[in-house]
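Student: The file below is target_28.csv, CSV, C-alpha atoms and all ligand atoms:
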chain,number,residue,atom,x,y,z
A,217,MET,CA,54.9,-3.3,113.9
A,218,SER,CA,55.5,-5.4,117.1
A,219,PRO,CA,53.6,-8.5,118.2
A,220,ILE,CA,50.2,-7.6,119.6
A,221,LYS,CA,49.0,-9.4,122.8
A,222,LEU,CA,45.5,-10.9,122.6
A,223,PHE,CA,45.8,-12.6,126.0
A,224,ASP,CA,48.7,-13.3,128.3
A,225,ASP,CA,51.0,-15.5,126.2
A,226,ILE,CA,48.9,-15.3,123.0
A,227,TYR,CA,50.2,-12.9,120.4
A,228,TRP,CA,49.3,-11.7,116.9
A,229,VAL,CA,52.5,-12.1,114.8
A,230,GLY,CA,51.1,-11.6,111.4
A,231,ALA,CA,51.7,-9.0,108.7
A,232,VAL,CA,49.9,-6.0,107.2
A,233,ASP,CA,49.7,-5.9,103.4
A,234,TRP,CA,48.9,-2.2,102.8
A,235,ASN,CA,49.3,-2.2,99.1
A,236,VAL,CA,47.5,-5.3,97.8
A,237,ARG,CA,44.6,-4.2,95.6
A,238,HIS,CA,43.5,-7.6,94.1
A,239,PHE,CA,43.0,-11.0,95.7
A,240,HIS,CA,42.6,-14.5,94.3
A,241,GLY,CA,44.4,-13.3,91.2
A,242,PHE,CA,42.4,-10.4,90.0
A,243,ALA,CA,39.0,-11.9,91.0
A,244,TYR,CA,38.4,-9.7,94.0
A,245,SER,CA,39.3,-6.0,94.6
A,246,THR,CA,40.9,-5.1,98.0
A,247,HIS,CA,40.8,-1.3,98.0
A,248,ASN,CA,41.8,-1.3,101.7
A,249,GLY,CA,44.6,-3.9,101.5
A,250,THR,CA,44.6,-6.8,103.9
A,251,THR,CA,46.4,-8.6,106.7
A,252,TYR,CA,47.7,-12.1,107.1
A,253,ASN,CA,47.1,-13.0,110.7
A,254,ALA,CA,49.3,-15.6,112.5
A,255,TYR,CA,49.0,-16.3,116.2
A,256,LEU,CA,51.7,-17.4,118.6
A,257,ILE,CA,50.8,-19.3,121.8
A,258,ILE,CA,53.5,-19.6,124.5
A,259,ASP,CA,53.0,-22.4,126.9
A,260,ASP,CA,55.0,-25.6,128.0
A,261,LYS,CA,54.7,-26.4,124.3
A,262,ILE,CA,54.7,-23.5,121.8
A,263,ALA,CA,52.2,-23.3,118.9
A,264,LEU,CA,52.0,-21.0,115.9
A,265,VAL,CA,48.5,-20.9,114.5
A,266,ASP,CA,48.7,-20.3,110.7
A,267,SER,CA,51.4,-18.3,109.0
A,268,VAL,CA,51.5,-15.5,106.4
A,269,TYR,CA,51.8,-15.1,102.6
A,270,GLY,CA,55.3,-16.0,101.5
A,271,PRO,CA,56.6,-12.5,100.7
A,272,PHE,CA,55.8,-11.5,104.3
A,273,LYS,CA,57.6,-14.4,106.0
A,274,ASP,CA,60.5,-12.2,107.3
A,275,GLU,CA,58.0,-9.8,108.8
A,276,MET,CA,56.4,-12.7,110.7
A,277,MET,CA,59.7,-14.2,111.8
A,278,GLU,CA,60.8,-10.9,113.2
A,279,LYS,CA,57.7,-10.7,115.3
A,280,ILE,CA,58.0,-14.3,116.5
A,281,LYS,CA,61.7,-13.6,117.5
A,282,LYS,CA,60.5,-10.7,119.7
A,283,VAL,CA,58.5,-13.2,121.7
A,284,VAL,CA,60.4,-16.5,121.5
A,285,GLU,CA,63.2,-18.2,119.7
A,286,PRO,CA,61.5,-19.7,116.6
A,287,GLU,CA,63.6,-22.9,117.3
A,288,LYS,CA,61.3,-23.5,120.3
A,289,ILE,CA,58.1,-23.8,118.3
A,290,ASP,CA,56.6,-27.3,118.7
A,291,TYR,CA,53.5,-27.1,116.6
A,292,ILE,CA,52.4,-25.2,113.5
A,293,ILE,CA,48.7,-25.4,113.2
A,294,ALA,CA,47.6,-25.1,109.6
A,295,ASN,CA,44.0,-24.3,109.6
A,296,HIS,CA,44.0,-23.9,105.8
A,297,VAL,CA,46.2,-24.8,102.8
A,298,GLU,CA,45.8,-21.6,100.8
A,299,THR,CA,49.1,-19.9,100.3
A,300,ASP,CA,48.2,-16.6,102.0
A,301,HIS,CA,48.3,-18.6,105.3
A,302,SER,CA,50.7,-21.4,104.6
A,303,GLY,CA,53.3,-19.5,102.5
A,304,ALA,CA,55.7,-19.1,105.5
A,305,ILE,CA,55.4,-22.6,107.0
A,306,ALA,CA,58.5,-23.8,105.3
A,307,GLU,CA,60.4,-20.8,106.7
A,308,VAL,CA,59.3,-21.6,110.2
A,309,LEU,CA,60.4,-25.2,109.7
A,310,LYS,CA,63.8,-24.0,108.7
A,311,HIS,CA,64.2,-22.7,112.2
A,312,ALA,CA,62.0,-25.1,114.1
A,313,SER,CA,63.1,-28.3,112.4
A,314,LYS,CA,61.4,-30.5,115.0
A,315,ALA,CA,58.1,-28.7,114.8
A,316,LYS,CA,55.0,-30.8,113.8
A,317,VAL,CA,52.6,-29.4,111.3
A,318,VAL,CA,49.0,-30.0,112.3
A,319,GLY,CA,45.9,-30.0,110.1
A,320,THR,CA,43.1,-32.0,108.5
A,321,ALA,CA,43.9,-35.0,106.3
A,322,ARG,CA,43.0,-32.8,103.3
A,323,CYS,CA,45.3,-30.1,104.6
A,324,GLN,CA,48.2,-32.5,104.7
A,325,LYS,CA,47.5,-33.6,101.1
A,326,GLY,CA,47.1,-30.0,99.9
A,327,LEU,CA,50.1,-28.6,101.7
A,328,PHE,CA,52.4,-31.4,100.4
A,329,LYS,CA,51.2,-30.7,96.9
A,330,HIS,CA,51.7,-27.0,97.3
A,331,TYR,CA,55.2,-27.1,98.8
A,332,PHE,CA,56.4,-30.6,97.9
A,333,GLY,CA,57.4,-30.9,101.5
A,334,ASP,CA,57.9,-34.0,103.5
A,335,TRP,CA,57.0,-32.4,106.8
A,336,ASP,CA,56.3,-34.2,110.1
A,337,PHE,CA,52.5,-33.9,110.0
A,338,GLN,CA,49.8,-34.7,112.6
A,339,VAL,CA,46.4,-35.2,111.1
A,340,VAL,CA,43.5,-34.0,113.3
A,341,LYS,CA,39.7,-34.2,113.0
A,342,THR,CA,36.8,-32.6,114.8
A,343,GLY,CA,37.1,-32.9,118.6
A,344,ASP,CA,40.8,-33.8,118.6
A,345,THR,CA,42.9,-31.8,121.0
A,346,ILE,CA,46.5,-30.9,121.7
A,347,ASN,CA,47.4,-29.9,125.2
A,348,LEU,CA,50.1,-27.3,125.4
A,349,GLY,CA,50.3,-27.1,129.2
A,350,LYS,CA,48.0,-24.5,130.6
A,351,ARG,CA,46.0,-24.2,127.3
A,352,THR,CA,44.5,-26.9,125.1
A,353,LEU,CA,43.8,-26.5,121.4
A,354,THR,CA,40.6,-28.1,120.1
A,355,PHE,CA,40.0,-28.6,116.4
A,356,LEU,CA,36.8,-28.3,114.5
A,357,GLU,CA,36.8,-29.3,110.8
A,358,ALA,CA,35.1,-26.7,108.6
A,359,PRO,CA,35.1,-28.3,105.1
A,360,MET,CA,34.4,-25.9,102.3
A,361,LEU,CA,34.6,-22.9,104.6
A,362,HIS,CA,36.0,-22.1,102.2
A,363,TRP,CA,38.3,-25.0,101.0
A,364,PRO,CA,37.9,-28.7,101.7
A,365,ASP,CA,40.9,-28.6,104.1
A,366,SER,CA,39.6,-25.7,106.2
A,367,MET,CA,39.6,-26.1,110.0
A,368,PHE,CA,38.9,-23.9,113.1
A,369,THR,CA,41.1,-24.0,116.2
A,370,TYR,CA,39.4,-23.2,119.6
A,371,ILE,CA,40.9,-22.5,123.0
A,372,GLN,CA,38.3,-23.1,125.6
A,373,SER,CA,40.1,-21.5,128.5
A,374,ASP,CA,40.0,-18.1,126.7
A,375,ALA,CA,36.9,-18.7,124.7
A,376,LEU,CA,39.0,-17.8,121.7
A,377,LEU,CA,38.1,-19.0,118.2
A,378,LEU,CA,40.7,-19.0,115.5
A,379,PRO,CA,38.6,-19.7,112.4
A,380,ASN,CA,41.1,-18.8,109.7
A,381,ASP,CA,39.3,-17.2,106.7
A,382,ALA,CA,35.8,-17.2,108.3
A,383,PHE,CA,34.8,-13.9,109.8
A,384,GLY,CA,37.7,-12.1,108.1
A,385,GLN,CA,37.9,-8.9,106.2
A,386,HIS,CA,40.4,-7.4,103.8
A,387,LEU,CA,41.3,-4.4,105.8
A,388,ALA,CA,44.8,-3.1,106.4
A,389,THR,CA,45.2,-1.0,109.4
A,390,SER,CA,47.7,-0.4,112.2
A,391,LYS,CA,45.0,-1.4,114.6
A,392,ARG,CA,44.2,-5.0,115.4
A,393,PHE,CA,40.8,-5.0,117.2
A,394,ASP,CA,37.2,-4.1,116.4
A,395,ASP,CA,36.9,-1.5,119.1
A,396,GLU,CA,39.8,0.4,117.6
A,397,VAL,CA,38.5,1.0,114.1
A,398,ASP,CA,35.5,2.6,112.3
A,399,GLU,CA,32.7,0.1,112.6
A,400,LYS,CA,31.1,1.1,109.3
A,401,ILE,CA,34.3,0.5,107.4
A,402,LEU,CA,34.9,-2.8,109.2
A,403,MET,CA,31.4,-4.1,108.6
A,404,LYS,CA,31.5,-3.0,104.9
A,405,GLU,CA,34.7,-4.9,104.4
A,406,ALA,CA,33.3,-7.9,106.3
A,407,ALA,CA,30.2,-7.9,104.0
A,408,LYS,CA,32.2,-7.5,100.9
A,409,TYR,CA,34.4,-10.5,102.0
A,410,TYR,CA,31.3,-12.6,102.7
A,411,ALA,CA,29.7,-11.7,99.4
A,412,ASN,CA,32.7,-12.4,97.2
A,413,ILE,CA,34.0,-15.5,99.0
A,414,LEU,CA,31.5,-17.2,101.1
A,415,TRP,CA,28.1,-16.4,99.5
A,416,PRO,CA,27.8,-19.7,97.6
A,417,LEU,CA,28.6,-21.6,100.7
A,418,SER,CA,25.8,-20.0,102.8
A,419,SER,CA,24.1,-23.3,103.6
A,420,LEU,CA,27.4,-24.6,105.1
A,421,VAL,CA,27.9,-21.3,107.0
A,422,LEU,CA,24.5,-21.8,108.6
A,423,LYS,CA,25.1,-25.4,109.5
A,424,LYS,CA,28.5,-24.6,111.0
A,425,ILE,CA,27.2,-21.8,113.1
A,426,GLU,CA,24.3,-23.9,114.3
A,427,GLN,CA,26.7,-26.7,115.1
A,428,VAL,CA,28.8,-24.3,117.2
A,429,GLN,CA,25.8,-22.8,118.9
A,430,SER,CA,24.2,-26.2,119.6
A,431,GLN,CA,27.3,-27.3,121.4
A,432,ASP,CA,27.2,-24.2,123.6
A,433,ILE,CA,30.7,-23.3,122.7
A,434,LYS,CA,31.4,-20.0,124.4
A,435,ILE,CA,33.2,-17.4,122.2
A,436,ASN,CA,34.6,-14.2,123.7
A,437,MET,CA,37.0,-13.4,120.9
A,438,ILE,CA,37.2,-14.3,117.2
A,439,ALA,CA,40.7,-13.9,115.7
A,440,PRO,CA,40.4,-14.6,111.9
A,441,SER,CA,43.3,-14.9,109.5
A,442,HIS,CA,42.5,-11.6,107.7
A,443,GLY,CA,41.8,-8.1,109.1
A,444,ILE,CA,40.5,-7.1,112.5
A,445,ILE,CA,40.1,-9.3,115.6
A,446,TRP,CA,36.5,-9.3,117.0
A,447,ARG,CA,36.9,-8.8,120.8
A,448,ARG,CA,34.3,-6.1,121.7
A,449,ASN,CA,31.3,-8.0,120.3
A,450,PRO,CA,32.1,-11.2,118.5
A,451,THR,CA,28.4,-11.9,118.4
A,452,LYS,CA,27.9,-9.1,115.9
A,453,ILE,CA,29.9,-10.8,113.2
A,454,ILE,CA,28.2,-14.2,113.9
A,455,GLU,CA,24.8,-12.6,113.7
A,456,SER,CA,25.8,-10.8,110.5
A,457,TYR,CA,26.9,-14.1,109.0
A,458,LEU,CA,23.5,-15.6,109.9
A,459,HIS,CA,21.7,-12.7,108.3
A,460,TRP,CA,23.7,-12.9,105.1
A,461,ALA,CA,23.6,-16.7,104.9
A,462,LYS,CA,19.8,-16.6,105.3
A,463,GLY,CA,19.6,-14.2,102.3
A,464,GLU,CA,18.0,-11.4,104.3
A,465,ALA,CA,18.2,-8.2,102.4
A,466,GLU,CA,16.9,-4.6,102.2
A,467,LYS,CA,14.1,-3.7,99.8
A,468,ARG,CA,16.3,-1.9,97.3
A,469,VAL,CA,17.4,-2.5,93.8
A,470,LEU,CA,20.7,-2.3,91.8
A,471,VAL,CA,20.5,-1.5,88.1
A,472,VAL,CA,23.7,-2.8,86.5
A,473,TYR,CA,24.3,-2.4,82.8
A,474,ASP,CA,26.5,-1.4,79.9
A,475,THR,CA,25.5,0.5,76.8
A,476,MET,CA,26.8,0.8,73.2
A,477,TRP,CA,25.3,4.1,71.9
A,478,ASN,CA,23.4,5.2,75.1
A,479,SER,CA,20.0,3.6,74.3
A,480,THR,CA,20.4,1.0,77.1
A,481,ASP,CA,21.6,3.8,79.3
A,482,LYS,CA,18.4,5.8,78.6
A,483,MET,CA,16.4,2.7,79.5
A,484,ALA,CA,18.3,2.2,82.7
A,485,ARG,CA,17.7,5.8,83.8
A,486,ALA,CA,13.9,5.6,83.1
A,487,ILE,CA,13.7,2.2,84.9
A,488,VAL,CA,15.4,3.8,88.0
A,489,GLU,CA,12.8,6.7,87.8
A,490,GLY,CA,10.0,4.1,87.8
A,491,ILE,CA,11.5,2.2,90.7
A,492,SER,CA,12.0,5.4,92.7
A,493,SER,CA,8.4,6.5,92.1
A,494,MET,CA,7.4,3.5,94.2
A,495,ASN,CA,9.6,4.7,97.1
A,496,ILE,CA,12.1,1.9,96.5
A,497,GLU,CA,15.7,3.0,96.5
A,498,ALA,CA,17.6,2.2,93.3
A,499,LYS,CA,21.2,2.5,92.4
A,500,ILE,CA,22.9,2.6,89.0
A,501,TYR,CA,26.2,0.8,88.2
A,502,ARG,CA,27.5,1.2,84.7
A,503,ILE,CA,29.8,-1.8,84.6
A,504,PRO,CA,33.0,-0.5,83.0
A,505,TYR,CA,33.0,2.4,85.5
A,506,SER,CA,32.2,0.2,88.5
A,507,ASP,CA,34.2,-2.3,90.5
A,508,ARG,CA,32.7,-5.8,90.1
A,509,SER,CA,33.5,-6.9,93.7
A,510,ASP,CA,31.8,-3.7,95.0
A,511,ILE,CA,28.7,-4.4,92.9
A,512,ILE,CA,28.6,-8.0,94.4
A,513,ALA,CA,29.1,-6.6,97.9
A,514,ASP,CA,26.2,-4.1,97.4
A,515,LEU,CA,24.0,-6.9,96.0
A,516,LEU,CA,24.4,-8.9,99.3
A,517,GLU,CA,22.1,-6.5,101.1
A,518,ALA,CA,19.8,-5.5,98.1
A,519,LYS,CA,16.7,-7.6,97.3
A,520,GLY,CA,16.6,-6.9,93.6
A,521,ILE,CA,18.9,-6.5,90.6
A,522,LEU,CA,18.2,-5.5,87.0
A,523,ILE,CA,20.9,-6.2,84.4
A,524,GLY,CA,20.9,-4.5,81.1
A,525,SER,CA,23.0,-4.8,77.9
A,526,SER,CA,22.9,-3.7,74.4
A,527,THR,CA,23.1,-6.6,71.9
A,528,ILE,CA,26.3,-7.2,70.0
A,529,ASN,CA,26.8,-10.3,67.8
A,530,ASN,CA,23.5,-11.6,69.0
A,531,ASP,CA,24.7,-11.5,72.6
A,532,ILE,CA,25.6,-9.3,75.6
A,533,LEU,CA,28.4,-6.7,75.4
A,534,PRO,CA,31.6,-8.5,76.6
A,535,THR,CA,31.9,-6.0,79.4
A,536,VAL,CA,28.7,-7.4,81.0
A,537,ALA,CA,30.0,-11.0,81.0
A,538,PRO,CA,32.2,-10.8,84.1
A,539,VAL,CA,29.2,-9.8,86.3
A,540,LEU,CA,27.1,-12.6,84.8
A,541,GLU,CA,29.9,-15.1,85.4
A,542,GLU,CA,30.2,-13.9,89.0
A,543,LEU,CA,26.5,-14.4,89.6
A,544,LYS,CA,26.6,-17.9,88.1
A,545,GLY,CA,29.3,-18.8,90.6
A,546,LEU,CA,28.0,-17.0,93.7
A,547,LYS,CA,24.4,-18.2,93.2
A,548,PRO,CA,22.8,-15.3,95.2
A,549,LEU,CA,19.6,-17.2,96.1
A,550,GLY,CA,16.6,-15.1,97.1
A,551,LYS,CA,17.4,-12.3,94.7
A,552,ILE,CA,14.7,-10.9,92.4
A,553,ALA,CA,15.9,-10.1,88.9
A,554,ALA,CA,15.0,-8.8,85.4
A,555,ALA,CA,16.8,-8.1,82.2
A,556,PHE,CA,16.6,-5.2,79.7
A,557,GLY,CA,18.5,-3.8,76.8
A,558,SER,CA,18.4,-2.1,73.4
A,559,TYR,CA,19.1,-4.1,70.1
A,560,GLY,CA,19.3,-3.3,66.4
A,561,TRP,CA,18.2,-6.5,64.8
A,562,GLY,CA,17.9,-10.1,66.0
A,563,GLY,CA,18.6,-9.3,69.6
A,564,GLY,CA,20.0,-11.8,72.1
A,565,ALA,CA,21.5,-10.0,75.1
A,566,VAL,CA,18.5,-10.4,77.4
A,567,LYS,CA,18.3,-14.1,76.6
A,568,THR,CA,21.8,-14.6,77.9
A,569,ILE,CA,21.1,-12.5,80.9
A,570,GLU,CA,18.0,-14.4,81.8
A,571,GLU,CA,19.8,-17.7,81.3
A,572,THR,CA,22.3,-16.5,83.8
A,573,PHE,CA,19.6,-15.6,86.3
A,574,ASN,CA,18.2,-19.1,86.0
A,575,LYS,CA,21.6,-20.8,86.4
A,576,ALA,CA,22.2,-18.6,89.4
A,577,GLY,CA,18.9,-19.6,91.0
A,578,MET,CA,17.5,-16.1,90.9
A,579,LYS,CA,13.8,-15.3,90.6
A,580,ILE,CA,12.9,-13.5,87.3
A,581,ALA,CA,10.2,-11.0,88.3
A,582,LEU,CA,9.2,-9.8,84.8
A,583,PRO,CA,9.9,-10.9,81.2
A,584,ALA,CA,12.8,-8.9,79.8
A,585,LEU,CA,12.2,-5.5,78.3
A,586,THR,CA,13.8,-4.8,74.9
A,587,ILE,CA,13.7,-1.7,72.8
A,588,ASN,CA,14.7,-1.5,69.1
A,589,TYR,CA,17.5,1.0,68.4
A,590,VAL,CA,16.7,4.3,70.2
A,591,PRO,CA,13.8,4.5,72.7
A,592,THR,CA,11.0,6.8,71.7
A,593,GLU,CA,9.1,8.8,74.3
A,594,GLU,CA,6.5,6.0,74.5
A,595,GLU,CA,9.2,3.5,75.0
A,596,ILE,CA,10.9,5.5,77.7
A,597,GLN,CA,7.5,5.5,79.4
A,598,LYS,CA,7.5,1.7,79.0
A,599,CYS,CA,10.8,1.5,80.8
A,600,TYR,CA,9.5,3.7,83.6
A,601,ASP,CA,6.5,1.4,83.9
A,602,PHE,CA,8.8,-1.6,83.9
A,603,GLY,CA,10.7,-0.1,86.8
A,604,LYS,CA,7.4,0.5,88.6
A,605,GLU,CA,6.3,-3.2,88.1
A,606,PHE,CA,9.7,-4.4,89.2
A,607,ALA,CA,9.4,-2.3,92.4
A,608,LYS,CA,6.0,-3.9,93.1
A,609,SER,CA,7.6,-7.3,93.1
A,610,ILE,CA,10.2,-6.0,95.5
A,611,ILE,CA,7.5,-4.6,97.8
A,612,ALA,CA,5.6,-7.8,97.7
A,613,SER,CA,8.7,-9.9,98.5
A,701,LIG,FE1,42.8,-16.3,103.2
A,701,LIG,FE2,41.4,-19.1,101.8
A,701,LIG,O1,42.8,-17.9,102.2
Represent the structure contained in this file as structure tokens.
Ligand code: FEO
Tutor:
Amino acid sequence: MSPIKLFDDIYWVGAVDWNVRHFHGFAYSTHNGTTYNAYLIIDDKIALVDSVYGPFKDEMMEKIKKVVEPEKIDYIIANHVETDHSGAIAEVLKHASKAKVVGTARCQKGLFKHYFGDWDFQVVKTGDTINLGKRTLTFLEAPMLHWPDSMFTYIQSDALLLPNDAFGQHLATSKRFDDEVDEKILMKEAAKYYANILWPLSSLVLKKIEQVQSQDIKINMIAPSHGIIWRRNPTKIIESYLHWAKGEAEKRVLVVYDTMWNSTDKMARAIVEGISSMNIEAKIYRIPYSDRSDIIADLLEAKGILIGSSTINNDILPTVAPVLEELKGLKPLGKIAAAFGSYGWGGGAVKTIEETFNKAGMKIALPALTINYVPTEEEIQKCYDFGKEFAKSIIAS
């Protein structure tokens, strides 16, 4: 793939990772691959904004060479330390030995710890600028969006925002712009990315967008460090971020569970019937058959979640634990929740589930429903009624 022009003298020189299926170790599934976006700005001074994951460094260097001799690069703007964007900086510096690396103070610390480099580094903070000639880069610190070192770069003359991870999506395609791809797939991946990475940082997302909007910063294009560049309608992704950050969701419910000998499965199905009888949409995810990152993505836009587990060793089935751990970390505020499950003696699973809801800041709509061993017809009716009651709390929300 060749460099792609965003504006005269601004090029995408990143890499497409078609085959990656897991991100952040195995924390997050990437069914559609991803891209590592780096941007080259040709002016009196030449700047490279971000780089790519290390294994893709040659791909990036080849693209840079098609535009300019890498030796001529004056600045490497490091908006973020994480290795998927900084992994090729050392390679660029091999060619451009006089180039200065630019980033926040935390970025300097983080990069040096990652690469044990002693690079010529210029620390910048919000409002600092670097004049390249015709264009000027302005920096805006964005701590915890999503690392402490994170920073946005802005080019006022083109109203171009380069926000690194923010507004990204894990989506590999031969196309580079939002008007060239299926919008449904694009927005689905953008939502999954928000849910799995940025959700717990929603209050910071809101503040940062408000800060940008209050300063009347014009944005005609958003070029993130993953996926597609927003040029047709950058407002769409900003508005989507506001919507997600405010916890706005549809009145529908996810029923997420695992079962040992099908009793909890029978409960889940009866609960879904009860929810549906109130004209509230419900969707079942049996955990071992479902992708955890997809469940989290679906929850972003659903108001309610019921989690069920059989009891084993006085606790949840181990298969349920990863979903609960995810909720504890993501803290999906504003969600309405309830627990259910079958037990043989003693019980314990629903207690763990409810503890998680509390730790995650979720609102428990109903006391947990438990059934001993196999549900009778009356108990199935109880599950149905439980679903109906849960649906009422969704309707009332
Ligand atoms: Fe895409 Fe935080 O790295």
Student: Using all atoms listed in the file, which of the listed residues (A:Glu455, A:Asp432, A:Asp336, A:Glu298) sits closest to ligand LIG 701 (chain A)?
Tutor: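 So, comparing all the options, the nearest one is A:Glu298.
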Student: I'd like the contact shell of segment 400-410 of chain A - 10 Å cut-off, only C-alpha atoms, skipping same-chain residues fewer than 4 positions apart - returned as a PyMOL selection string.
Tutor: chain A and resi 244-248+381-387+394+414-418+442-444+452-453+456-457+460-461+509-517
Student: Looking at A:Lys281, A:His296, A:His362, A:Lys482, which one is nearest to Ala321 of chain A, with distances taken over only C-alpha atoms?
Tutor: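 Using only C-alpha atoms, the shortest distance to Ala321 of chain A belongs to A:His296.
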Student: Can you tell me which residues surround Tyr505 of chain A at a distance of at most 12 Å, considering only C-alpha atoms, apart from same-chain residues fewer than 5 positions away, and format the answer as a ChimeraX atom specification?
Tutor: /A:472-475,500,510-511,535-536
Student: Neighbours of segment 323-332 of chain A within 6 Å (only C-alpha atoms; same-chain residues fewer than 2 positions away dropped), as a list in words?
Tutor: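 The filter keeps Val297, Gly319, Thr320, Ala321 and Asp365 of chain A.
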Student: Grab the atom CA of Lys604 of chain A to atom CA of Ala486 of chain A distance for me, in Å with one decimal place.
Tutor: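 Interatomic distance, atom CA of Lys604 of chain A to atom CA of Ala486 of chain A: 9.9 Å.
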Student: Using all atoms listed in the file, determine which residues lie at most 12 Å from Arg392 of chain A, disregarding the query and same-chain residues fewer than 4 positions distant; provide the list as an MDAnalysis selection string.
Tutor: chainID A and resid 217:222 227:232 250:253 385 387:388 396:398 402 438:448
Student: Report the distance between atom CA of Ala358 of chain A and atom CA of Leu376 of chain A in Å, rounded to one decimal place.
Tutor: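 About the pair atom CA of Ala358 of chain A and atom CA of Leu376 of chain A: they are 16.3 Å apart.
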Student: List as a short mmCIF file (atom, residue, chain, number, x, y, z; two decimals) with C-alpha atoms, keeping the file's coordinate frame the protein and nucleic acid residues near segment 299-311 of chain A, meaning an atom at most 9 Å away when all atoms listed in the file are counted, but skip any in the same chain fewer than 5 places from it.
Tutor:
data_model
loop_
_atom_site.label_atom_id
_atom_site.label_comp_id
_atom_site.auth_asym_id
_atom_site.auth_seq_id
_atom_site.Cartn_x
_atom_site.Cartn_y
_atom_site.Cartn_z
CA TYR A 252 47.70 -12.10 107.10
CA ASN A 253 47.10 -13.00 110.70
CA ALA A 254 49.30 -15.60 112.50
CA ASP A 266 48.70 -20.30 110.70
CA SER A 267 51.40 -18.30 109.00
CA VAL A 268 51.50 -15.50 106.40
CA TYR A 269 51.80 -15.10 102.60
CA GLY A 270 55.30 -16.00 101.50
CA PRO A 271 56.60 -12.50 100.70
CA PHE A 272 55.80 -11.50 104.30
CA LYS A 273 57.60 -14.40 106.00
CA ASP A 274 60.50 -12.20 107.30
CA MET A 276 56.40 -12.70 110.70
CA MET A 277 59.70 -14.20 111.80
CA GLU A 285 63.20 -18.20 119.70
CA PRO A 286 61.50 -19.70 116.60
CA GLU A 287 63.60 -22.90 117.30
CA LYS A 288 61.30 -23.50 120.30
CA ILE A 289 58.10 -23.80 118.30
CA ILE A 292 52.40 -25.20 113.50
CA ALA A 294 47.60 -25.10 109.60
CA LYS A 316 55.00 -30.80 113.80
CA VAL A 317 52.60 -29.40 111.30
CA LEU A 327 50.10 -28.60 101.70
CA HIS A 330 51.70 -27.00 97.30
CA TYR A 331 55.20 -27.10 98.80
CA GLY A 333 57.40 -30.90 101.50
CA TRP A 335 57.00 -32.40 106.80
CA ASN A 380 41.10 -18.80 109.70
CA SER A 441 43.30 -14.90 109.50
#
